[in-house]
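Structure first, then comments.
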Amino acid sequence: MGGGFGVSTTSVLGGVVKRREDPALIRGTGLYVDDLQLPGMLHAAFVRSPYAHASIESIDASEALAMEGVRAVYTAADVEHLGDLVTQVAVGKLRPLLAGNQVNHVGEAVAMVVADSRYGARDGADAVDVDYEPLDPVIDLKEAASDAALVHEDMASNVLLAWEGGPWGDEEGIAGTKETIAAAKEREDTVTVSMEMVNQRLLPMPMEPRAVVADWNQGYGRFTVHSSTQIPHALAGGIAGTFGLSLTDVRCIAPEVGGGFGCKLNVYNDEILVCFASQQLGSPVKFTETRRDAAGSTIHGRGWVATATVTGTRDGKVLGYELDGIADMGAYSQNFTVAIPFLGLFVGAGQYSFPTYWRMACVHTHTMTTDAYRGAGRPEAAYYLERAIDAFAREIGVDPSEVRRKNYIPASEFPGAATHIGFPMDTGDYENNLDALLETVGYENLKAERDQMRADGRLVGLGLATYVEVCGFGPSALVDLGFSWAAYKIPSGFNGSGLVRIQADGTASVIIGTGPSGQGHQTTWAQIVSQQLGIPVENIRVTHGDTAESPLGIGTFGSRSAAVDGSATYEAANKVAAKAAKLAAHLLEASSEDIVFADGGAHVAGSPDQTVSWSDIATLAYQPHRLPEGMEGGLEAHAVFSPGNATWPFGSHLALVEVDGDTGDVKLLRYVAMDDCGNVINPMIVDGQIHGGLAQGIGQAMFEDGDYESDGNLLKWSFVEYPLPTSADLPSFELHRTVTPTDINPLGVKGIGEAGTIGSAQTVVNAVVDALAPLGVTHVDMPLRPKRVWEAIQAAQTNGSVS
Amino acid sequence: MHVSLTVNGQRAVTDVEPRTLLVHLLREELGLTGTHVGCDTSYCGACTVIVNGNTVKSCTMLAVQAQGAEVTTIEGLAGNGDLHPVQEGFWERHGLQCGFCTPGMIMSAVGLLSDNESPTENEIRHGLEGNLCRCTGYHNIVRAVEYAAAKMRGDEPPPPEWEEDSA
């Protein structure tokens with residue numbers, strides 16, 4: 001990896017730097033897309049289907065078009081020539097930009113109205129008369145998988161993709177694994193525990209609804225598109241591909257983005273359609289989602305029903321784990337839709353070494369598309385596995401921590417360890433992490449306290465769960481598995497990029513290809529560059545999200561930005577340092593090998609009293625006539641980092657809960673997380689990522705439910721029906737960490753954006769089941785709202801024992 | 001309809017449709033885009049402003065109902081480039097990530113602290129229950145308000161809780 005120039009390549013940055021993003025955001029001067037007002041700007045609103053499945057008999061826009069201020073109403077016929085919505089993994093039915101003869105989920109866009117004002121567009125949309133003939137919807141996952149009725153009549157099956165998961169690319173291996181597990185079940189000394197569990201659909205619900213402003217300039221022949229997106233470069237490519245333009249003809253800007261959590265990791269039909277309208281009408285066009293739009297027409301997450309089965313001996317040794325599931329893709333495939341269950345498979349065996357077999361059916365239903373929501377497949381995988389491990393531990397009467405410990409991939413197998421499918425992992429020390437958690441909480445004492453509270457008549461439970469995550473995508477070889485980004489005209493695979501430019505006054509501009517939505521890249525990247533160049537953080541400005549200026553990057557998702565784009569920026573900084581060392585050497589009349597960067601300048605090692613400042617160095621760089629013979633002017637460098645593997649963070653979480661037996665109300669008393677994300681660049685930001693991740697996992701466990709009604713209605717149109725956790729619902733979290741650096745990138749960082757979510761839902765549910773176990777409850781499906789918990793208690797008491 | 005009000009100490013006079021919401025008057029007529037819209041149902045609190053001394057969700061109020069009112073938005077919370085102690089607390093204690101809920105959250109916290117200068121953690125959590133945040137899990141928002149409360153009382157704020165890593 002890149003040279004040292006006086007700074008260690010292995011040292012951790014590790015310091016708390018207050019966020020560079022915050023001064024604008026706390027003053028209300030940060031620019032979000034909906035804040036943008038362009039001269040002559042028009043507003044779009046959508047007519048959306050109230051039916052899950054219906055044929056469109058007619059659309060009458062005459063009343064809308066007669067309204068003052070309404071400029072246009074577009075339907076499918078107007079945009080059919082643009083094709084379906086661009087999609088990276090084009091498996092299954094792709095989304096039409098506007099519904100043609102048929103609608104396939106509630107909230108599907110049928111027509112777009114463009115008007116002079118926000119209110120006028122809404123009025124116009126309400127005035128469009130669509131005549132629907134309702135058809136029976138397919139909503140239930142098992143019914144969908146049975147093909148009793150088809151979601152799309154031109155597809156032979158609702159199952160758009162079915163696969164088995166086992167040892168990588170090796171049919172013999174998968175078959176052998178099945179045989180091994182079947183043989184284990186036959187043994188007389190084994191116990192098999194099997195549970196069907198729902199991992200319910202969730203609505204991502206970032207606080208900023210998605211918004212887009214498209215501005216076509218006929219004279220320049222160029223789109224300028226501001227969008228609330230995690231993937232500005234892919235959006236530019238998707239627009240360019242759809243309209244037959246070059247990448248230089250589309251400039252996408254993601255300004256402040258108010259949360260994403262994966263749902264802004266799609267190119268959306270509204271983004272394409274406002275471009276179309278702007279081109280047609282010669283004016284900028286804005287579309288901002290209402291919260292209702294966001295609920296029904298921005299991607300959802302999760303939506304699995306699966307049976308998890310653990311077979312093992314009574315001493316806690318697991319001999320086989322199986323997951324047999326159906327995953328809901330919704331009516332149309334979008335960006336990563338069909339890839340999400342596959343991401344879960346990567347970590348299907350968690351931290352364990354036992355034989356694991358997965359079978360998955362991905363089905364279309366008459367519902368909104370599912371795609372990446374924080375964790376994306378990995379929370380589902382961890383949920384099923386860790387619930388099943390706990391049930392097995394309870395069945396055999398062994399402490400859940402002991403069962404886990406007994407089955408870990410040992411630390412001694414790293415480096416060189418691989419997952420159950422044979423995919424290589426980077427680094428790991430799972431037992432050390434678990435031990436650290438148990439020691440921190442005083443596990444034995446805590447169990448005794450729980451038992452004492454139980455003896456006092458309280459329903460108190462302890463829940464434990466561990467996870468391993470795959471993130472930091474790369475490796476770029478994933479391109480060979482279909483993740484090419486070719487649909488977005490981006491041939492970049494899973495690389496990252498960074499550009500470091502020293503300005504003439506010695507300050508640094510860092511321009512990166514990420515698409516953050518609150519992760520603090522402007523701070524973290526300044527720390528990386530500051531460490532390498534000795535330029536103070538306050539003299540470094542980091543920008544991102546403008547495709548006209550930033551180097552190509554595929555955006556921010558999958559906990560990948562620090563590991564991949566951060567590493568690229570680190571290498572770009574090292575390239576700048578190499579050249580700056582020659583410049584400083586010229587000024588100091590020394591050898592460049594002896595130059596050290598520190599305290600805002602450079603000096604010869606051992607002679608800190610004689611320094612040149614970055615301003616001196618930059619001035620020389622931009623005055624080529626003063627340079628030594630053969631040196632080029634300028635002082636900037638771009639680097640692309642192509643990771644050799646993904647990264648594999650891990651952790652162990654513990655929750656203490658109390659259930660009110662009379663009401664079913666669950667109270668989360670303590671939540672303790674011991675995460676390991678490798679090296680930490682800014683502990684404050686890393687902790688913040690974990691806090692938010694925990695809240696979303698706990699939200700799934702306790703509050704959030706995005707499942708559709710059996711008639712295909714959503715009934716989750718606002719925060720009233722879809723309750724996000726509030727400040728009063730959550731405790732303060734207790735965070736700790738172990739540090740096992742990765743060897744995949746020069747920073748040693750693994751990624752932390754999703755870990756909290758991946759680790760937490762099952763931790764809470766395990767705790768609640770533990771609390772109710774004395775009553776005979778073995779399982780309650782999420783979310784654990786009071787009614788559901790109360791019913792589980794009643795059922796257990798009625799049945800006498802196991803539900 | 002004609003509406004006249006005072007926003008951040010400045011007189012504002014404008015004509016609006018009767019149905020115009022206060023938040024849209026602030027954002028689209030007056031250009032004060034620091035006040036955000038996060039839902040359609042007065043639930044998320046991103047639009048919270050102070051009207052005549054009370055915190056109000058400005059998507060719940062018609063612009064014409066603010067006739068003659070004194071309105072303070074996030075832009076007017078502190079003057080001359082200064083930060084209000086609550087703004088300072090959010091920066092010092094990492095009380096924000098994406099920043100979208102932040103202006104409303106800060107205004108609600110200002111309201112909370114004007115009613116209770118020494119809130120407990122529980123009082124802070126219940127006091128801010130009407131403002132949703134999807135990024136922070138509220139953990140550091142509570143720390144930010146504790147910081148601000150101490151500063152406003154003239155006390156030393158509690159130290160930050162993150163560890164300085166070095167491995």
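Each chain of the structure tokens is named A, B, ... in the order shown, its residues numbered from 1; ligands are numbered from 1 in display order.
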
What lies within 6 Å of range 551-558 of chain A using only C-alpha atoms, ignoring chain neighbours under 3 positions off, as a list in words?
-> Gln230, Ile231, Cys471, Gly496, Ser497, Gly513, Thr514, Gly515, Pro516 and Ser561 of chain A

Write out, as a compact mmCIF listing (two decimals), in the first residue's frame, the residues just selected, with C-alpha atoms.
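And here's out.txt as it stands now:
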```txt
# COMPACT_ATOMS: atom_id res chain seq x y z
CA GLN A 230 -27.48 7.63 -2.52
CA ILE A 231 -26.20 6.93 -6.06
CA CYS A 471 -20.11 -5.42 3.64
CA GLY A 496 -14.22 3.41 -4.96
CA SER A 497 -12.56 6.64 -5.89
CA GLY A 513 -17.65 9.47 -5.46
CA THR A 514 -19.84 8.58 -2.51
CA GLY A 515 -23.46 9.50 -1.82
CA PRO A 516 -23.79 9.98 1.92
CA SER A 561 -17.82 3.98 1.73
```

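Selected on chain B by distance to chain A: Thr33, Gly34, Gly38, Cys39, Asp40, Ile74, Glu75, Gln87, Gln97, Cys98, Gly99, Phe100, Arg125, His126, Glu129, Cys135, Thr136, Gly137, Tyr138, His139, Trp162, Asp165 and Ser166 of chain B (within 6 Å, counting only C-alpha atoms).
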
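Checking A:Thr288, A:Asn269, A:Thr180, A:Thr307 one by one against Pro355 in chain A, counting only C-alpha atoms, you find the shortest gap at A:Thr180.
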
Which of range 247-384 of chain A counts as strand (DSSP E) under DSSP, as a compact mmCIF listing (two decimals) with N, CA and C atoms, in the first residue's frame please?
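For reference, selection27.txt as written:
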```
# COMPACT_ATOMS: atom_id res chain seq x y z
N VAL A 250 -25.47 14.71 -18.72
CA VAL A 250 -26.32 14.60 -17.54
C VAL A 250 -25.48 14.92 -16.31
N ARG A 251 -25.88 15.95 -15.61
CA ARG A 251 -25.19 16.29 -14.36
C ARG A 251 -26.17 16.04 -13.22
N CYS A 252 -25.81 15.09 -12.36
CA CYS A 252 -26.65 14.81 -11.19
C CYS A 252 -25.99 15.33 -9.93
N ILE A 253 -26.79 15.93 -9.10
CA ILE A 253 -26.29 16.50 -7.84
C ILE A 253 -27.14 15.96 -6.70
N VAL A 285 -38.66 20.90 -13.51
CA VAL A 285 -39.81 20.24 -12.88
C VAL A 285 -39.37 19.59 -11.58
N LYS A 286 -40.13 19.86 -10.53
CA LYS A 286 -39.82 19.28 -9.21
C LYS A 286 -40.88 18.26 -8.84
N PHE A 287 -40.42 17.16 -8.27
CA PHE A 287 -41.35 16.23 -7.60
C PHE A 287 -40.82 15.96 -6.20
N THR A 288 -41.66 16.19 -5.21
CA THR A 288 -41.32 15.83 -3.83
C THR A 288 -42.39 14.88 -3.33
N TRP A 304 -39.98 -11.74 4.35
CA TRP A 304 -39.67 -13.16 4.17
C TRP A 304 -40.56 -13.98 5.09
N VAL A 305 -40.90 -15.18 4.65
CA VAL A 305 -41.41 -16.18 5.57
C VAL A 305 -40.51 -17.41 5.36
N ALA A 306 -40.02 -17.97 6.46
CA ALA A 306 -39.06 -19.06 6.30
C ALA A 306 -39.08 -19.95 7.53
N THR A 307 -38.68 -21.19 7.30
CA THR A 307 -38.55 -22.15 8.39
C THR A 307 -37.06 -22.40 8.64
N ALA A 308 -36.68 -22.18 9.88
CA ALA A 308 -35.28 -22.39 10.27
C ALA A 308 -35.21 -23.65 11.13
N THR A 309 -34.25 -24.52 10.80
CA THR A 309 -34.15 -25.81 11.48
C THR A 309 -32.72 -26.05 11.94
N VAL A 310 -32.57 -26.33 13.22
CA VAL A 310 -31.25 -26.62 13.78
C VAL A 310 -31.24 -28.06 14.28
N THR A 311 -30.21 -28.78 13.91
CA THR A 311 -30.03 -30.14 14.41
C THR A 311 -28.68 -30.23 15.12
N GLY A 312 -28.70 -30.79 16.33
CA GLY A 312 -27.43 -30.89 17.05
C GLY A 312 -27.53 -31.87 18.20
N THR A 313 -26.41 -32.06 18.84
CA THR A 313 -26.38 -32.98 19.97
C THR A 313 -26.68 -32.23 21.26
N VAL A 318 -23.81 -28.14 17.11
CA VAL A 318 -24.78 -28.11 16.01
C VAL A 318 -24.20 -28.86 14.82
N LEU A 319 -25.00 -29.75 14.26
CA LEU A 319 -24.53 -30.58 13.14
C LEU A 319 -25.14 -30.15 11.81
N GLY A 320 -26.12 -29.27 11.87
CA GLY A 320 -26.69 -28.80 10.61
C GLY A 320 -27.70 -27.70 10.83
N TYR A 321 -27.73 -26.76 9.89
CA TYR A 321 -28.71 -25.67 9.94
C TYR A 321 -29.32 -25.53 8.55
N GLU A 322 -30.65 -25.46 8.52
CA GLU A 322 -31.35 -25.32 7.24
C GLU A 322 -32.29 -24.13 7.31
N LEU A 323 -32.38 -23.42 6.19
CA LEU A 323 -33.37 -22.35 6.06
C LEU A 323 -34.12 -22.57 4.76
N ASP A 324 -35.43 -22.64 4.88
CA ASP A 324 -36.27 -22.86 3.71
C ASP A 324 -37.25 -21.70 3.64
N GLY A 325 -37.07 -20.82 2.65
CA GLY A 325 -37.82 -19.57 2.71
C GLY A 325 -38.42 -19.12 1.40
N ILE A 326 -39.32 -18.17 1.57
CA ILE A 326 -39.91 -17.45 0.44
C ILE A 326 -39.67 -15.97 0.70
N ALA A 327 -39.15 -15.29 -0.31
CA ALA A 327 -38.88 -13.86 -0.16
C ALA A 327 -39.76 -13.07 -1.12
N ASP A 328 -40.35 -12.01 -0.61
CA ASP A 328 -41.29 -11.20 -1.38
C ASP A 328 -40.52 -10.15 -2.18
N MET A 329 -40.65 -10.21 -3.50
CA MET A 329 -39.97 -9.23 -4.35
C MET A 329 -40.89 -8.06 -4.69
N GLY A 330 -42.19 -8.21 -4.38
CA GLY A 330 -43.15 -7.22 -4.84
C GLY A 330 -43.50 -7.45 -6.30
N THR A 356 -24.51 -25.89 6.47
CA THR A 356 -25.68 -25.02 6.32
C THR A 356 -26.24 -25.13 4.91
N TYR A 357 -27.54 -25.24 4.86
CA TYR A 357 -28.21 -25.38 3.57
C TYR A 357 -29.38 -24.41 3.51
N TRP A 358 -29.42 -23.62 2.45
CA TRP A 358 -30.52 -22.68 2.24
C TRP A 358 -31.27 -23.04 0.97
N ARG A 359 -32.59 -22.84 1.04
CA ARG A 359 -33.40 -22.93 -0.17
C ARG A 359 -34.31 -21.72 -0.20
N MET A 360 -34.31 -21.01 -1.30
CA MET A 360 -35.04 -19.74 -1.33
C MET A 360 -35.83 -19.61 -2.61
N ALA A 361 -37.08 -19.21 -2.47
CA ALA A 361 -37.92 -18.87 -3.63
C ALA A 361 -38.22 -17.38 -3.58
N CYS A 362 -37.86 -16.68 -4.64
CA CYS A 362 -38.13 -15.24 -4.72
C CYS A 362 -39.38 -15.06 -5.57
N VAL A 363 -40.42 -14.45 -5.00
CA VAL A 363 -41.71 -14.42 -5.69
C VAL A 363 -42.21 -13.00 -5.91
N HIS A 364 -42.91 -12.85 -7.03
CA HIS A 364 -43.66 -11.62 -7.26
C HIS A 364 -44.99 -11.69 -6.51
```

Extract, using only C-alpha atoms, all DNA, RNA and protein residues at most 6 Å from range 338-349 of chain A, discarding same-chain residues fewer than 4 positions from it, and format them as a ChimeraX atom specification.
-> /A:376-378,381

Keeping only N, CA and C atoms, write the selected residues to a file as a PDB file, in the first residue's frame.
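After the write, part27.pdb holds the following:
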```
ATOM      1  N   ALA A 376     -30.256  -5.328   4.425  1.00  0.00           N
ATOM      2  CA  ALA A 376     -30.554  -5.937   3.123  1.00  0.00           C
ATOM      3  C   ALA A 376     -30.180  -7.423   3.043  1.00  0.00           C
ATOM      4  N   GLY A 377     -31.020  -8.270   3.581  1.00  0.00           N
ATOM      5  CA  GLY A 377     -30.765  -9.709   3.509  1.00  0.00           C
ATOM      6  C   GLY A 377     -29.988 -10.233   4.700  1.00  0.00           C
ATOM      7  N   ARG A 378     -29.065  -9.433   5.187  1.00  0.00           N
ATOM      8  CA  ARG A 378     -28.237  -9.886   6.316  1.00  0.00           C
ATOM      9  C   ARG A 378     -28.990  -9.835   7.651  1.00  0.00           C
ATOM     10  N   ALA A 381     -31.120 -12.970   7.546  1.00  0.00           N
ATOM     11  CA  ALA A 381     -30.313 -14.172   7.775  1.00  0.00           C
ATOM     12  C   ALA A 381     -29.957 -14.315   9.247  1.00  0.00           C
TER      13      ALA A 381
END
```

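The interatomic distance for the pair CA of Ala64 in chain A and CA of Tyr268 in chain A works out to 24.6 Å.
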
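Between Pro643 in chain A and the residues A:Tyr671, A:Phe494, A:Tyr132, A:Phe703, the shortest atom-to-atom distance, using only C-alpha atoms, involves A:Phe494.
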
Test item: residues at most 8 Å from Ala144 in chain B, only C-alpha atoms, excluding those fewer than 5 positions along its chain, as an MDAnalysis selection string = chainID B and resid 86 89:95

Those same residues, written as an mmCIF file, in the first residue's frame with C-alpha atoms?
```
data_model
loop_
_atom_site.group_PDB
_atom_site.id
_atom_site.type_symbol
_atom_site.label_atom_id
_atom_site.label_comp_id
_atom_site.auth_asym_id
_atom_site.auth_seq_id
_atom_site.Cartn_x
_atom_site.Cartn_y
_atom_site.Cartn_z
ATOM 1 C CA VAL B 86 -29.213 23.832 21.955
ATOM 2 C CA GLY B 89 -25.299 20.872 22.105
ATOM 3 C CA PHE B 90 -26.349 19.109 18.929
ATOM 4 C CA TRP B 91 -22.942 19.844 17.372
ATOM 5 C CA GLU B 92 -20.917 18.977 20.477
ATOM 6 C CA ARG B 93 -22.717 15.727 21.212
ATOM 7 C CA HIS B 94 -23.341 14.472 17.652
ATOM 8 C CA GLY B 95 -27.093 14.935 18.009
#
```

For range 595-597 of chain A, work out the shell of residues within 9 Å, counting only C-alpha atoms and skipping chain neighbours fewer than 5 positions away, then give it as a ChimeraX atom specification.
-> /A:5-7,532-535,577,581-582,584-585,590,602-605,608

Expected file: the selected residues, C-alpha atoms, as a PDB file, in the first residue's frame:
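Resulting contents of out-v8.pdb:
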```
ATOM      1  CA  PHE A   5       6.042   9.803   4.403  1.00  0.00           C
ATOM      2  CA  GLY A   6       6.328  10.003   8.136  1.00  0.00           C
ATOM      3  CA  VAL A   7       2.934   8.555   8.935  1.00  0.00           C
ATOM      4  CA  GLN A 532      -1.561  11.461   5.478  1.00  0.00           C
ATOM      5  CA  LEU A 533      -0.620  15.057   4.648  1.00  0.00           C
ATOM      6  CA  GLY A 534      -0.487  16.837   7.983  1.00  0.00           C
ATOM      7  CA  ILE A 535      -2.917  19.465   6.716  1.00  0.00           C
ATOM      8  CA  ALA A 577       2.341  13.303  -0.592  1.00  0.00           C
ATOM      9  CA  ALA A 581       7.743  15.556  -0.874  1.00  0.00           C
ATOM     10  CA  LYS A 582       9.708  16.304  -4.048  1.00  0.00           C
ATOM     11  CA  ALA A 584       9.359  20.331  -0.357  1.00  0.00           C
ATOM     12  CA  ALA A 585      12.737  18.700  -0.956  1.00  0.00           C
ATOM     13  CA  ALA A 590      17.051  18.016   0.703  1.00  0.00           C
ATOM     14  CA  ALA A 602       6.937  19.684   5.739  1.00  0.00           C
ATOM     15  CA  HIS A 603      10.418  19.370   7.149  1.00  0.00           C
ATOM     16  CA  VAL A 604      13.463  17.166   6.906  1.00  0.00           C
ATOM     17  CA  ALA A 605      13.286  14.309   9.387  1.00  0.00           C
ATOM     18  CA  PRO A 608      11.635  20.235  12.583  1.00  0.00           C
TER      19      PRO A 608
END
```

List the neighbours of Glu57 in chain A out to 10 Å using only C-alpha atoms; skip same-chain residues closer than 5 positions along the sequence, and give me the result as a VMD selection string.
-> chain A and resid 101 to 102 130 to 133

Please produce a file of the residues just selected, as a JSON list (two decimals), in the first residue's frame, where the atoms kept are N, CA and C atoms.
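Output contents, as saved in part.json:
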```
[["chain", "number", "residue", "atom", "x", "y", "z"],
["A", 101, "ASN", "N", -51.81, -1.07, -19.23],
["A", 101, "ASN", "CA", -53.16, -1.62, -19.19],
["A", 101, "ASN", "C", -53.56, -2.10, -17.81],
["A", 102, "GLN", "N", -52.59, -2.22, -16.95],
["A", 102, "GLN", "CA", -52.86, -2.90, -15.69],
["A", 102, "GLN", "C", -52.03, -2.29, -14.58],
["A", 130, "VAL", "N", -59.65, 7.82, -13.44],
["A", 130, "VAL", "CA", -59.19, 6.53, -13.96],
["A", 130, "VAL", "C", -60.26, 5.48, -13.68],
["A", 131, "ASP", "N", -60.63, 4.76, -14.72],
["A", 131, "ASP", "CA", -61.64, 3.71, -14.57],
["A", 131, "ASP", "C", -60.91, 2.36, -14.45],
["A", 132, "TYR", "N", -61.02, 1.76, -13.29],
["A", 132, "TYR", "CA", -60.33, 0.48, -13.04],
["A", 132, "TYR", "C", -61.34, -0.66, -13.03],
["A", 133, "GLU", "N", -60.92, -1.83, -13.44],
["A", 133, "GLU", "CA", -61.69, -3.04, -13.24],
["A", 133, "GLU", "C", -60.89, -3.92, -12.27]]
```

Determine which residues of range 8-107 of chain B receive a DSSP assignment of alpha helix (DSSP H), computed from the backbone, and state them as a list of chain:residue names.
-> B:Leu22, B:Val23, B:His24, B:Pro85, B:Val86, B:Gln87, B:Glu88, B:Gly89, B:Phe90, B:Trp91, B:Glu92, B:Thr102, B:Pro103, B:Gly104, B:Met105, B:Ile106, B:Met107

Hey, what's within 12 Å of range 114-116 of chain B if we count only C-alpha atoms and toss same-chain stuff fewer than 4 positions away? As a PyMOL selection string, please?
-> chain B and resi 50+53-55+86+107-110+120+123-124+127+145-146+148-150+152-153
